[in-house]
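Participant: The following block contains the structure, expressed as structure tokens.
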Amino acid sequence: MPVLYVTEQGAKVIKREGRVQVRKNDQVLADLPITQLEQIVCFGSAHLTTPMMGHCLSEGIEVVFLSKRGRFKGKLTADTGKDVRLRQRQYEKGADLPFALSTAKAFVEGKVRNGIILLERQRTKLPEASRLNELRLIHRQVPIARDLDHLRGVEGNAARLYYELWGSLLPTAFPFAGRVHHPPPDPVNALLSLGYSLLYNAMHGAVSAAGLDPYMGCYHQPKHGHAALVSDLMEEFRPVVDGLVLGLLNRHEIRPEHFQLADGGVRLTKEGLANFLTRWDERIRQTVWYAPLKGQFPYRQVFHEQARQFARLVRGRIKTYTPFALPE
């Protein structure tokens, strides 16, 4: 498994004779050839030894640190931001209001359109399928938004209606009154938060690999500690997470007993987390039609292609950003 998820609290990741091992006390929890490793994701108090960290830095293996609940905390990665001119150009473009608005519209357009496609696939199960037309009408307002504040208002209206319709597709064992971020008050929000954190992590890696500054975006405002460009680029892929959560709950692969109360909210049990991580890893390795390259590619590669597309836009090699489109 190229991505190693370390979820056991107090576990440590060590390098030993060409292999990477996860240990707790004297027990080996995982053991794989170090040459197969692409990324390590540590939850909570899991950690790496110094030799293991040194190997990751020298070999370009990214190490991501999440909270026990799955919230992104930070990452250890080799230096990828050596293209100063690209970043200078990115800052200039980010401050260019017409550029920022047109690009932000593309991000939001992709998010809302992909949400509509996801709901359209489940149209016969929607109790009020006619309300999809309301969402389509909101979608049409995106290109004519006057400014970023207006665009955020349109996106907010779309999100509220989308989650209302999406929530109606969930099994009755999982009531969902709407999206609440941190701490998640119910199992559905816990799954969405975890899924979006994993998506954020994957897109953060793609942005860094493209040589871009993750903290300078177009739609999300720059603020301390928030990778605005990562949040921008992940918008069009949020329905990928939503579709995964919907499938896991409706197929009963994640059940009510897979959740527990903790830290003022709800989070997955050890078994539930393992189930979710397995399915997430399968999903981002799943191939999907990618129109710009006219072929089937894994989602992980598509994340990188979209980040590289943004870099080409910043450099002036293309005129507009085209969001990823889910197959209809």
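Identifiers in this document derive from the order of the structure tokens: chains are assigned A, B, ..., residues are numbered from 1 separately in each chain, and ligands are numbered from 1 in order of occurrence.
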Return as a tab-separated table the residues of segment 218-294 of chain A lying at most 8 Å from segment 168-174 of chain A, together with the closest atom-to-atom pair for each and the distance in Å to one decimal, counting only C-alpha atoms, with rows in chain order and ascending residue number.
Facilitator:
residue	atom	partner	partner_atom	distance
A:Leu246	CA	A:Leu170	CA	6.5
A:Leu249	CA	A:Pro171	CA	7.0
A:Asn250	CA	A:Pro171	CA	6.1
A:Pro256	CA	A:Ala173	CA	7.3
Participant: Residues at most 12 Å from Glu257 of chain A, counting only C-alpha atoms, excluding those fewer than 3 positions away in the same chain, as a list in words?
Facilitator: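 Non-adjacent residues within range: Ala173, Phe174, Pro187, His252, Glu253, Ile254, Gln260, Leu261, Val266, Arg267, Leu268, Thr269, Lys270, Glu271, Gly272 and Leu273 of chain A.
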Participant: Pull C-alpha atoms from the residues just selected and write them as a CSV table (one decimal), in the first residue's frame.
Facilitator:
chain,number,residue,atom,x,y,z
A,173,ALA,CA,-30.4,5.5,10.7
A,174,PHE,CA,-28.3,8.6,9.9
A,187,PRO,CA,-21.9,10.6,12.2
A,252,HIS,CA,-24.1,-0.4,5.4
A,253,GLU,CA,-20.3,-0.6,5.2
A,254,ILE,CA,-20.3,2.1,7.8
A,260,GLN,CA,-18.4,7.2,19.3
A,261,LEU,CA,-18.7,10.4,21.3
A,266,VAL,CA,-18.7,12.4,17.1
A,267,ARG,CA,-15.8,10.5,15.5
A,268,LEU,CA,-15.2,7.0,14.0
A,269,THR,CA,-14.2,4.0,16.1
A,270,LYS,CA,-10.9,2.3,15.2
A,271,GLU,CA,-12.8,-0.2,13.0
A,272,GLY,CA,-14.9,2.5,11.3
A,273,LEU,CA,-11.8,4.6,10.6
Participant: Quick one: of A:Gln296, A:Gln9, A:Asn201, A:Ser208, who's nearest to Arg308 of chain A, counting only C-alpha atoms?
Facilitator: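 Ranked by minimum distance to Arg308 of chain A, first place goes to A:Ser208.
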Participant: Would you please extract all alpha helix (DSSP H) residues from segment 138-169 of chain A, as assigned by DSSP on the backbone, and give them as number ranges by chain?
Facilitator: A: 138-141, 148-167
Participant: Using only C-alpha atoms, find the one residue out of A:Val108, A:Leu29, A:Ala262, A:Ile284 that sits nearest to Gly153 of chain A.
Facilitator: A:Val108
Participant: Find the residue from A:Val41, A:Ala228, A:Thr77, A:Ile14 that sits nearest to Asp281 of chain A; use only C-alpha atoms when measuring.
Facilitator: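 Counting only C-alpha atoms, the residue closest to Asp281 of chain A is A:Val41.
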Participant: Taking into account only C-alpha atoms, which residue in the set A:Arg255, A:Lys294, A:Lys105, A:Arg121 is nearest to Arg146 of chain A?
Facilitator: A:Lys105
Participant: Hey, what's within 10 Å of segment 59-75 of chain A if we count only C-alpha atoms and toss same-chain stuff fewer than 4 positions away? As an mmCIF file with N, CA, C and O atoms, in the first residue's frame, please?
Facilitator:
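Okay, part-v2.cif is ready:
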data_model
loop_
_atom_site.group_PDB
_atom_site.id
_atom_site.type_symbol
_atom_site.label_atom_id
_atom_site.label_comp_id
_atom_site.auth_asym_id
_atom_site.auth_seq_id
_atom_site.Cartn_x
_atom_site.Cartn_y
_atom_site.Cartn_z
ATOM 1 N N VAL A 3 0.336 4.376 0.303
ATOM 2 C CA VAL A 3 0.021 5.320 1.368
ATOM 3 C C VAL A 3 -0.140 4.522 2.665
ATOM 4 O O VAL A 3 -0.970 3.619 2.753
ATOM 5 N N LEU A 4 0.666 4.864 3.667
ATOM 6 C CA LEU A 4 0.614 4.176 4.959
ATOM 7 C C LEU A 4 -0.166 5.038 5.947
ATOM 8 O O LEU A 4 0.265 6.145 6.283
ATOM 9 N N TYR A 5 -1.317 4.549 6.401
ATOM 10 C CA TYR A 5 -2.121 5.251 7.393
ATOM 11 C C TYR A 5 -1.779 4.689 8.769
ATOM 12 O O TYR A 5 -1.906 3.487 9.006
ATOM 13 N N VAL A 6 -1.367 5.562 9.672
ATOM 14 C CA VAL A 6 -0.998 5.147 11.026
ATOM 15 C C VAL A 6 -2.040 5.718 11.982
ATOM 16 O O VAL A 6 -2.040 6.919 12.280
ATOM 17 N N THR A 7 -2.942 4.866 12.452
ATOM 18 C CA THR A 7 -4.065 5.324 13.265
ATOM 19 C C THR A 7 -3.947 4.925 14.731
ATOM 20 O O THR A 7 -4.672 5.457 15.569
ATOM 21 N N GLU A 8 -3.073 3.995 15.041
ATOM 22 C CA GLU A 8 -2.911 3.533 16.422
ATOM 23 C C GLU A 8 -2.225 4.614 17.256
ATOM 24 O O GLU A 8 -1.115 5.051 16.952
ATOM 25 N N GLN A 9 -2.885 5.046 18.333
ATOM 26 C CA GLN A 9 -2.325 6.111 19.175
ATOM 27 C C GLN A 9 -1.070 5.607 19.904
ATOM 28 O O GLN A 9 -1.067 4.535 20.491
ATOM 29 N N THR A 35 10.612 0.807 -0.391
ATOM 30 C CA THR A 35 10.585 1.288 -1.776
ATOM 31 C C THR A 35 9.166 1.463 -2.296
ATOM 32 O O THR A 35 8.949 2.132 -3.301
ATOM 33 N N LEU A 37 6.744 2.876 -0.587
ATOM 34 C CA LEU A 37 6.086 3.937 0.167
ATOM 35 C C LEU A 37 6.041 5.242 -0.625
ATOM 36 O O LEU A 37 7.048 5.703 -1.153
ATOM 37 N N GLU A 38 4.847 5.850 -0.691
ATOM 38 C CA GLU A 38 4.669 7.147 -1.336
ATOM 39 C C GLU A 38 4.325 8.244 -0.325
ATOM 40 O O GLU A 38 4.708 9.390 -0.498
ATOM 41 N N GLN A 39 3.605 7.893 0.707
ATOM 42 C CA GLN A 39 3.137 8.890 1.672
ATOM 43 C C GLN A 39 2.810 8.194 2.988
ATOM 44 O O GLN A 39 2.399 7.039 3.003
ATOM 45 N N ILE A 40 3.017 8.923 4.101
ATOM 46 C CA ILE A 40 2.620 8.443 5.425
ATOM 47 C C ILE A 40 1.632 9.443 6.001
ATOM 48 O O ILE A 40 1.879 10.654 5.984
ATOM 49 N N VAL A 41 0.511 8.939 6.508
ATOM 50 C CA VAL A 41 -0.502 9.796 7.134
ATOM 51 C C VAL A 41 -0.653 9.344 8.581
ATOM 52 O O VAL A 41 -1.060 8.209 8.848
ATOM 53 N N CYS A 42 -0.317 10.228 9.519
ATOM 54 C CA CYS A 42 -0.350 9.910 10.950
ATOM 55 C C CYS A 42 -1.549 10.581 11.614
ATOM 56 O O CYS A 42 -1.749 11.789 11.457
ATOM 57 N N PHE A 43 -2.316 9.811 12.346
ATOM 58 C CA PHE A 43 -3.463 10.330 13.088
ATOM 59 C C PHE A 43 -3.084 10.475 14.565
ATOM 60 O O PHE A 43 -2.524 9.556 15.165
ATOM 61 N N GLY A 44 -3.417 11.616 15.170
ATOM 62 C CA GLY A 44 -3.233 11.808 16.600
ATOM 63 C C GLY A 44 -1.787 11.753 17.036
ATOM 64 O O GLY A 44 -0.924 12.463 16.515
ATOM 65 N N SER A 45 -1.489 10.882 18.012
ATOM 66 C CA SER A 45 -0.170 10.858 18.630
ATOM 67 C C SER A 45 0.815 9.905 17.956
ATOM 68 O O SER A 45 1.894 9.647 18.480
ATOM 69 N N ALA A 46 0.486 9.344 16.803
ATOM 70 C CA ALA A 46 1.443 8.524 16.058
ATOM 71 C C ALA A 46 2.598 9.405 15.595
ATOM 72 O O ALA A 46 2.418 10.583 15.289
ATOM 73 N N HIS A 47 3.815 8.836 15.537
ATOM 74 C CA HIS A 47 4.975 9.651 15.178
ATOM 75 C C HIS A 47 6.035 8.824 14.463
ATOM 76 O O HIS A 47 5.966 7.586 14.407
ATOM 77 N N LEU A 48 7.051 9.521 13.911
ATOM 78 C CA LEU A 48 8.143 8.892 13.187
ATOM 79 C C LEU A 48 9.441 9.051 13.961
ATOM 80 O O LEU A 48 9.652 10.066 14.639
ATOM 81 N N MET A 53 12.242 9.987 9.421
ATOM 82 C CA MET A 53 11.984 11.321 8.885
ATOM 83 C C MET A 53 13.058 11.727 7.887
ATOM 84 O O MET A 53 12.785 12.309 6.835
ATOM 85 N N GLY A 54 14.322 11.407 8.215
ATOM 86 C CA GLY A 54 15.413 11.734 7.306
ATOM 87 C C GLY A 54 15.262 11.026 5.968
ATOM 88 O O GLY A 54 15.492 11.621 4.906
ATOM 89 N N HIS A 55 14.856 9.771 6.011
ATOM 90 C CA HIS A 55 14.637 9.018 4.775
ATOM 91 C C HIS A 55 13.501 9.643 3.961
ATOM 92 O O HIS A 55 13.614 9.779 2.731
ATOM 93 N N ASP A 79 11.543 20.333 0.049
ATOM 94 C CA ASP A 79 11.305 21.639 -0.559
ATOM 95 C C ASP A 79 10.897 21.484 -2.014
ATOM 96 O O ASP A 79 11.634 20.923 -2.826
ATOM 97 N N THR A 80 9.697 21.972 -2.353
ATOM 98 C CA THR A 80 9.231 21.921 -3.746
ATOM 99 C C THR A 80 8.979 23.316 -4.308
ATOM 100 O O THR A 80 8.644 23.450 -5.478
ATOM 101 N N HIS A 182 -16.777 21.807 12.735
ATOM 102 C CA HIS A 182 -15.996 21.315 13.879
ATOM 103 C C HIS A 182 -16.575 21.831 15.193
ATOM 104 O O HIS A 182 -16.797 23.031 15.335
ATOM 105 N N PRO A 183 -16.748 20.914 16.165
ATOM 106 C CA PRO A 183 -16.656 19.460 16.013
ATOM 107 C C PRO A 183 -17.918 18.914 15.361
ATOM 108 O O PRO A 183 -19.008 19.456 15.579
ATOM 109 N N PRO A 184 -17.816 17.851 14.577
ATOM 110 C CA PRO A 184 -19.010 17.301 13.928
ATOM 111 C C PRO A 184 -19.972 16.731 14.956
ATOM 112 O O PRO A 184 -19.580 15.918 15.792
ATOM 113 N N ALA A 190 -19.297 13.825 10.679
ATOM 114 C CA ALA A 190 -17.980 13.275 11.000
ATOM 115 C C ALA A 190 -17.329 12.672 9.759
ATOM 116 O O ALA A 190 -16.129 12.867 9.510
ATOM 117 N N LEU A 191 -18.102 11.941 8.965
ATOM 118 C CA LEU A 191 -17.577 11.346 7.742
ATOM 119 C C LEU A 191 -17.214 12.414 6.714
ATOM 120 O O LEU A 191 -16.169 12.333 6.056
ATOM 121 N N SER A 193 -16.393 15.559 7.288
ATOM 122 C CA SER A 193 -15.212 16.284 7.747
ATOM 123 C C SER A 193 -13.935 15.488 7.503
ATOM 124 O O SER A 193 -12.923 16.022 7.039
ATOM 125 N N LEU A 194 -13.977 14.204 7.802
ATOM 126 C CA LEU A 194 -12.812 13.360 7.575
ATOM 127 C C LEU A 194 -12.502 13.267 6.085
ATOM 128 O O LEU A 194 -11.339 13.400 5.672
ATOM 129 N N GLY A 195 -13.517 13.044 5.277
ATOM 130 C CA GLY A 195 -13.306 12.944 3.837
ATOM 131 C C GLY A 195 -12.740 14.220 3.248
ATOM 132 O O GLY A 195 -11.808 14.183 2.425
ATOM 133 N N TYR A 196 -13.275 15.372 3.669
ATOM 134 C CA TYR A 196 -12.759 16.641 3.159
ATOM 135 C C TYR A 196 -11.327 16.893 3.636
ATOM 136 O O TYR A 196 -10.523 17.490 2.917
ATOM 137 N N SER A 197 -11.005 16.446 4.854
ATOM 138 C CA SER A 197 -9.626 16.596 5.338
ATOM 139 C C SER A 197 -8.662 15.768 4.492
ATOM 140 O O SER A 197 -7.562 16.221 4.150
ATOM 141 N N LEU A 198 -9.061 14.556 4.145
ATOM 142 C CA LEU A 198 -8.216 13.715 3.302
ATOM 143 C C LEU A 198 -8.089 14.294 1.896
ATOM 144 O O LEU A 198 -7.015 14.236 1.279
ATOM 145 N N TYR A 200 -8.317 17.518 1.215
ATOM 146 C CA TYR A 200 -7.459 18.690 1.430
ATOM 147 C C TYR A 200 -5.988 18.268 1.437
ATOM 148 O O TYR A 200 -5.135 18.905 0.802
ATOM 149 N N ASN A 201 -5.696 17.180 2.140
ATOM 150 C CA ASN A 201 -4.333 16.673 2.208
ATOM 151 C C ASN A 201 -3.826 16.293 0.820
ATOM 152 O O ASN A 201 -2.709 16.645 0.420
ATOM 153 N N ALA A 202 -4.656 15.565 0.054
ATOM 154 C CA ALA A 202 -4.249 15.141 -1.284
ATOM 155 C C ALA A 202 -4.027 16.336 -2.201
ATOM 156 O O ALA A 202 -3.049 16.379 -2.967
ATOM 157 N N HIS A 204 -3.304 19.411 -1.248
ATOM 158 C CA HIS A 204 -2.153 20.158 -0.742
ATOM 159 C C HIS A 204 -0.870 19.607 -1.371
ATOM 160 O O HIS A 204 0.013 20.367 -1.815
ATOM 161 N N GLY A 205 -0.765 18.285 -1.435
ATOM 162 C CA GLY A 205 0.394 17.675 -2.060
ATOM 163 C C GLY A 205 0.493 18.013 -3.531
ATOM 164 O O GLY A 205 1.593 18.266 -4.058
ATOM 165 N N GLY A 225 -2.499 30.450 8.403
ATOM 166 C CA GLY A 225 -2.729 29.039 8.646
ATOM 167 C C GLY A 225 -3.713 28.368 7.711
ATOM 168 O O GLY A 225 -3.975 27.171 7.849
ATOM 169 N N ALA A 262 -16.770 11.839 21.404
ATOM 170 C CA ALA A 262 -15.418 12.190 21.847
ATOM 171 C C ALA A 262 -15.158 13.666 21.596
ATOM 172 O O ALA A 262 -15.522 14.201 20.540
ATOM 173 N N ASP A 263 -14.544 14.335 22.582
ATOM 174 C CA ASP A 263 -14.101 15.728 22.437
ATOM 175 C C ASP A 263 -15.224 16.657 21.997
ATOM 176 O O ASP A 263 -15.038 17.531 21.155
ATOM 177 N N GLY A 265 -17.859 16.012 20.271
ATOM 178 C CA GLY A 265 -18.461 15.702 18.981
ATOM 179 C C GLY A 265 -18.501 14.201 18.751
ATOM 180 O O GLY A 265 -18.488 13.414 19.691
ATOM 181 N N VAL A 266 -18.568 13.825 17.491
ATOM 182 C CA VAL A 266 -18.652 12.419 17.096
ATOM 183 C C VAL A 266 -17.461 12.089 16.215
ATOM 184 O O VAL A 266 -17.067 12.891 15.359
ATOM 185 N N ARG A 267 -16.884 10.904 16.400
ATOM 186 C CA ARG A 267 -15.832 10.453 15.492
ATOM 187 C C ARG A 267 -15.922 8.947 15.313
ATOM 188 O O ARG A 267 -16.598 8.248 16.069
ATOM 189 N N LEU A 268 -15.241 8.447 14.307
ATOM 190 C CA LEU A 268 -15.245 7.033 13.997
ATOM 191 C C LEU A 268 -14.472 6.216 15.034
ATOM 192 O O LEU A 268 -13.490 6.687 15.600
ATOM 193 N N THR A 269 -14.923 4.991 15.247
ATOM 194 C CA THR A 269 -14.159 4.046 16.053
ATOM 195 C C THR A 269 -12.959 3.573 15.228
ATOM 196 O O THR A 269 -12.835 3.886 14.032
ATOM 197 N N LEU A 273 -12.838 3.775 11.233
ATOM 198 C CA LEU A 273 -11.805 4.554 10.567
ATOM 199 C C LEU A 273 -11.048 3.703 9.555
ATOM 200 O O LEU A 273 -10.765 4.150 8.438
#
Participant: What's around Glu164 of chain A at 12 Å? Count only C-alpha atoms, leave out sequence neighbours fewer than 2 positions away in its own chain, and write the answer as a PyMOL selection string.
Facilitator: chain A and resi 115+119+126-129+131-132+135+157-162+166-170+175-179
Participant: Residues as selected, N, CA and C atoms, written as a PDB file, in the first residue's frame, can you do that?
Facilitator:
ATOM      1  N   GLY A 115     -21.996  18.609  -8.066  1.00  0.00           N
ATOM      2  CA  GLY A 115     -23.025  18.260  -7.093  1.00  0.00           C
ATOM      3  C   GLY A 115     -24.340  17.908  -7.774  1.00  0.00           C
ATOM      4  N   LEU A 119     -26.370  14.281  -7.703  1.00  0.00           N
ATOM      5  CA  LEU A 119     -27.787  14.156  -7.349  1.00  0.00           C
ATOM      6  C   LEU A 119     -28.599  13.589  -8.509  1.00  0.00           C
ATOM      7  N   LEU A 126     -34.793  10.693  -4.965  1.00  0.00           N
ATOM      8  CA  LEU A 126     -35.040  11.976  -4.302  1.00  0.00           C
ATOM      9  C   LEU A 126     -36.529  12.147  -4.022  1.00  0.00           C
ATOM     10  N   PRO A 127     -36.908  12.494  -2.791  1.00  0.00           N
ATOM     11  CA  PRO A 127     -38.332  12.704  -2.486  1.00  0.00           C
ATOM     12  C   PRO A 127     -38.902  13.923  -3.203  1.00  0.00           C
ATOM     13  N   GLU A 128     -38.014  14.894  -3.507  1.00  0.00           N
ATOM     14  CA  GLU A 128     -38.451  16.094  -4.226  1.00  0.00           C
ATOM     15  C   GLU A 128     -37.486  16.346  -5.382  1.00  0.00           C
ATOM     16  N   ALA A 129     -37.529  15.477  -6.379  1.00  0.00           N
ATOM     17  CA  ALA A 129     -36.605  15.589  -7.508  1.00  0.00           C
ATOM     18  C   ALA A 129     -36.760  16.915  -8.248  1.00  0.00           C
ATOM     19  N   ARG A 131     -36.862  19.730  -7.094  1.00  0.00           N
ATOM     20  CA  ARG A 131     -36.045  20.786  -6.497  1.00  0.00           C
ATOM     21  C   ARG A 131     -34.652  20.847  -7.119  1.00  0.00           C
ATOM     22  N   LEU A 132     -34.305  19.827  -7.883  1.00  0.00           N
ATOM     23  CA  LEU A 132     -33.043  19.899  -8.620  1.00  0.00           C
ATOM     24  C   LEU A 132     -33.037  21.093  -9.561  1.00  0.00           C
ATOM     25  N   LEU A 135     -31.712  24.094  -7.899  1.00  0.00           N
ATOM     26  CA  LEU A 135     -30.250  24.083  -7.829  1.00  0.00           C
ATOM     27  C   LEU A 135     -29.648  24.467  -9.180  1.00  0.00           C
ATOM     28  N   ASN A 157     -25.933  29.626  -1.061  1.00  0.00           N
ATOM     29  CA  ASN A 157     -27.309  29.196  -1.355  1.00  0.00           C
ATOM     30  C   ASN A 157     -27.319  27.817  -2.014  1.00  0.00           C
ATOM     31  N   ALA A 158     -26.376  27.608  -2.935  1.00  0.00           N
ATOM     32  CA  ALA A 158     -26.294  26.320  -3.612  1.00  0.00           C
ATOM     33  C   ALA A 158     -25.948  25.212  -2.623  1.00  0.00           C
ATOM     34  N   ALA A 159     -25.006  25.496  -1.714  1.00  0.00           N
ATOM     35  CA  ALA A 159     -24.576  24.485  -0.747  1.00  0.00           C
ATOM     36  C   ALA A 159     -25.713  24.078   0.181  1.00  0.00           C
ATOM     37  N   ARG A 160     -26.493  25.056   0.648  1.00  0.00           N
ATOM     38  CA  ARG A 160     -27.603  24.744   1.556  1.00  0.00           C
ATOM     39  C   ARG A 160     -28.629  23.826   0.879  1.00  0.00           C
ATOM     40  N   LEU A 161     -28.997  24.166  -0.360  1.00  0.00           N
ATOM     41  CA  LEU A 161     -29.983  23.348  -1.065  1.00  0.00           C
ATOM     42  C   LEU A 161     -29.395  21.985  -1.430  1.00  0.00           C
ATOM     43  N   TYR A 162     -28.144  21.972  -1.838  1.00  0.00           N
ATOM     44  CA  TYR A 162     -27.492  20.717  -2.201  1.00  0.00           C
ATOM     45  C   TYR A 162     -27.469  19.745  -1.023  1.00  0.00           C
ATOM     46  N   TRP A 166     -29.085  16.153  -0.838  1.00  0.00           N
ATOM     47  CA  TRP A 166     -28.152  15.051  -0.606  1.00  0.00           C
ATOM     48  C   TRP A 166     -28.518  14.304   0.679  1.00  0.00           C
ATOM     49  N   GLY A 167     -28.871  15.031   1.716  1.00  0.00           N
ATOM     50  CA  GLY A 167     -29.228  14.417   2.985  1.00  0.00           C
ATOM     51  C   GLY A 167     -30.458  13.537   2.894  1.00  0.00           C
ATOM     52  N   SER A 168     -31.354  13.847   1.958  1.00  0.00           N
ATOM     53  CA  SER A 168     -32.572  13.042   1.810  1.00  0.00           C
ATOM     54  C   SER A 168     -32.278  11.663   1.228  1.00  0.00           C
ATOM     55  N   LEU A 169     -31.059  11.460   0.715  1.00  0.00           N
ATOM     56  CA  LEU A 169     -30.672  10.174   0.141  1.00  0.00           C
ATOM     57  C   LEU A 169     -30.048   9.235   1.166  1.00  0.00           C
ATOM     58  N   LEU A 170     -29.825   9.725   2.375  1.00  0.00           N
ATOM     59  CA  LEU A 170     -29.177   8.928   3.415  1.00  0.00           C
ATOM     60  C   LEU A 170     -30.157   7.955   4.058  1.00  0.00           C
ATOM     61  N   PRO A 175     -29.633  10.477  10.523  1.00  0.00           N
ATOM     62  CA  PRO A 175     -30.265  11.784  10.304  1.00  0.00           C
ATOM     63  C   PRO A 175     -29.212  12.859  10.059  1.00  0.00           C
ATOM     64  N   PHE A 176     -29.557  13.798   9.187  1.00  0.00           N
ATOM     65  CA  PHE A 176     -28.605  14.847   8.792  1.00  0.00           C
ATOM     66  C   PHE A 176     -29.370  16.145   8.610  1.00  0.00           C
ATOM     67  N   ALA A 177     -29.138  17.114   9.508  1.00  0.00           N
ATOM     68  CA  ALA A 177     -29.863  18.379   9.463  1.00  0.00           C
ATOM     69  C   ALA A 177     -29.127  19.442   8.666  1.00  0.00           C
ATOM     70  N   GLY A 178     -27.914  19.166   8.254  1.00  0.00           N
ATOM     71  CA  GLY A 178     -27.135  20.151   7.508  1.00  0.00           C
ATOM     72  C   GLY A 178     -25.666  20.054   7.856  1.00  0.00           C
ATOM     73  N   ARG A 179     -24.857  20.766   7.087  1.00  0.00           N
ATOM     74  CA  ARG A 179     -23.413  20.688   7.259  1.00  0.00           C
ATOM     75  C   ARG A 179     -22.963  21.518   8.456  1.00  0.00           C
TER      76      ARG A 179
END
Participant: Just list the residues in segment 24-258 of chain A DSSP gives strand (DSSP E) on the backbone, as a list in words.
Facilitator: Lys24, Gln27, Val28, Leu29, Ala30, Asp31, Leu32, Pro33, Gln39, Ile40, Val41, Cys42, Phe43, His47, Leu48, Glu62, Val63, Val64, Phe65, Leu66, Phe72, Lys73, Gly74, Lys75 and Leu76 of chain A
Participant: Please produce a file of the residues just selected, as a tab-separated table (two decimals), in the first residue's frame, where the atoms kept are N, CA, C and O atoms.
Facilitator:
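Result went into selection-v3.tsv, see below:
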chain	number	residue	atom	x	y	z
A	24	LYS	N	4.18	-0.57	18.14
A	24	LYS	CA	3.70	-0.03	19.42
A	24	LYS	C	4.14	-1.01	20.49
A	24	LYS	O	3.80	-2.19	20.42
A	27	GLN	N	5.16	-4.70	19.62
A	27	GLN	CA	4.31	-5.33	18.61
A	27	GLN	C	4.46	-4.63	17.26
A	27	GLN	O	4.45	-3.39	17.18
A	28	VAL	N	4.63	-5.40	16.18
A	28	VAL	CA	4.69	-4.86	14.83
A	28	VAL	C	3.27	-4.82	14.26
A	28	VAL	O	2.63	-5.86	14.07
A	29	LEU	N	2.79	-3.60	13.98
A	29	LEU	CA	1.42	-3.43	13.48
A	29	LEU	C	1.35	-3.43	11.96
A	29	LEU	O	0.31	-3.74	11.38
A	30	ALA	N	2.46	-3.03	11.32
A	30	ALA	CA	2.51	-3.01	9.85
A	30	ALA	C	3.96	-3.13	9.43
A	30	ALA	O	4.87	-2.66	10.14
A	31	ASP	N	4.18	-3.76	8.28
A	31	ASP	CA	5.54	-3.98	7.79
A	31	ASP	C	5.49	-4.05	6.27
A	31	ASP	O	4.75	-4.88	5.71
A	32	LEU	N	6.22	-3.16	5.57
A	32	LEU	CA	6.22	-3.19	4.11
A	32	LEU	C	7.55	-2.69	3.57
A	32	LEU	O	8.28	-1.97	4.27
A	33	PRO	N	7.89	-3.05	2.34
A	33	PRO	CA	9.14	-2.57	1.74
A	33	PRO	C	9.15	-1.05	1.62
A	33	PRO	O	8.15	-0.45	1.20
A	39	GLN	N	3.60	7.89	0.71
A	39	GLN	CA	3.14	8.89	1.67
A	39	GLN	C	2.81	8.19	2.99
A	39	GLN	O	2.40	7.04	3.00
A	40	ILE	N	3.02	8.92	4.10
A	40	ILE	CA	2.62	8.44	5.43
A	40	ILE	C	1.63	9.44	6.00
A	40	ILE	O	1.88	10.65	5.98
A	41	VAL	N	0.51	8.94	6.51
A	41	VAL	CA	-0.50	9.80	7.13
A	41	VAL	C	-0.65	9.34	8.58
A	41	VAL	O	-1.06	8.21	8.85
A	42	CYS	N	-0.32	10.23	9.52
A	42	CYS	CA	-0.35	9.91	10.95
A	42	CYS	C	-1.55	10.58	11.61
A	42	CYS	O	-1.75	11.79	11.46
A	43	PHE	N	-2.32	9.81	12.35
A	43	PHE	CA	-3.46	10.33	13.09
A	43	PHE	C	-3.08	10.48	14.56
A	43	PHE	O	-2.52	9.56	15.16
A	47	HIS	N	3.82	8.84	15.54
A	47	HIS	CA	4.98	9.65	15.18
A	47	HIS	C	6.03	8.82	14.46
A	47	HIS	O	5.97	7.59	14.41
A	48	LEU	N	7.05	9.52	13.91
A	48	LEU	CA	8.14	8.89	13.19
A	48	LEU	C	9.44	9.05	13.96
A	48	LEU	O	9.65	10.07	14.64
A	62	GLU	N	6.17	12.22	1.44
A	62	GLU	CA	5.43	13.20	2.23
A	62	GLU	C	4.86	12.55	3.49
A	62	GLU	O	4.36	11.42	3.45
A	63	VAL	N	4.97	13.27	4.62
A	63	VAL	CA	4.39	12.81	5.88
A	63	VAL	C	3.34	13.82	6.32
A	63	VAL	O	3.64	15.01	6.46
A	64	VAL	N	2.12	13.35	6.52
A	64	VAL	CA	1.01	14.24	6.87
A	64	VAL	C	0.56	13.93	8.29
A	64	VAL	O	0.47	12.76	8.69
A	65	PHE	N	0.28	14.98	9.04
A	65	PHE	CA	-0.17	14.83	10.42
A	65	PHE	C	-1.61	15.34	10.55
A	65	PHE	O	-1.89	16.50	10.23
A	66	LEU	N	-2.49	14.45	11.00
A	66	LEU	CA	-3.89	14.79	11.23
A	66	LEU	C	-4.22	14.59	12.70
A	66	LEU	O	-3.53	13.84	13.41
A	72	PHE	N	-6.67	18.23	9.41
A	72	PHE	CA	-5.31	18.49	8.95
A	72	PHE	C	-4.56	19.39	9.93
A	72	PHE	O	-5.05	20.44	10.33
A	73	LYS	N	-3.35	18.97	10.32
A	73	LYS	CA	-2.52	19.75	11.24
A	73	LYS	C	-1.26	20.29	10.56
A	73	LYS	O	-0.80	21.38	10.86
A	74	GLY	N	-0.67	19.52	9.68
A	74	GLY	CA	0.54	19.96	9.01
A	74	GLY	C	1.19	18.80	8.28
A	74	GLY	O	0.68	17.69	8.26
A	75	LYS	N	2.36	19.07	7.68
A	75	LYS	CA	3.03	18.02	6.94
A	75	LYS	C	4.54	18.24	6.92
A	75	LYS	O	5.03	19.37	7.10
A	76	LEU	N	5.25	17.15	6.74
A	76	LEU	CA	6.69	17.15	6.56
A	76	LEU	C	6.93	16.81	5.10
A	76	LEU	O	6.51	15.75	4.62
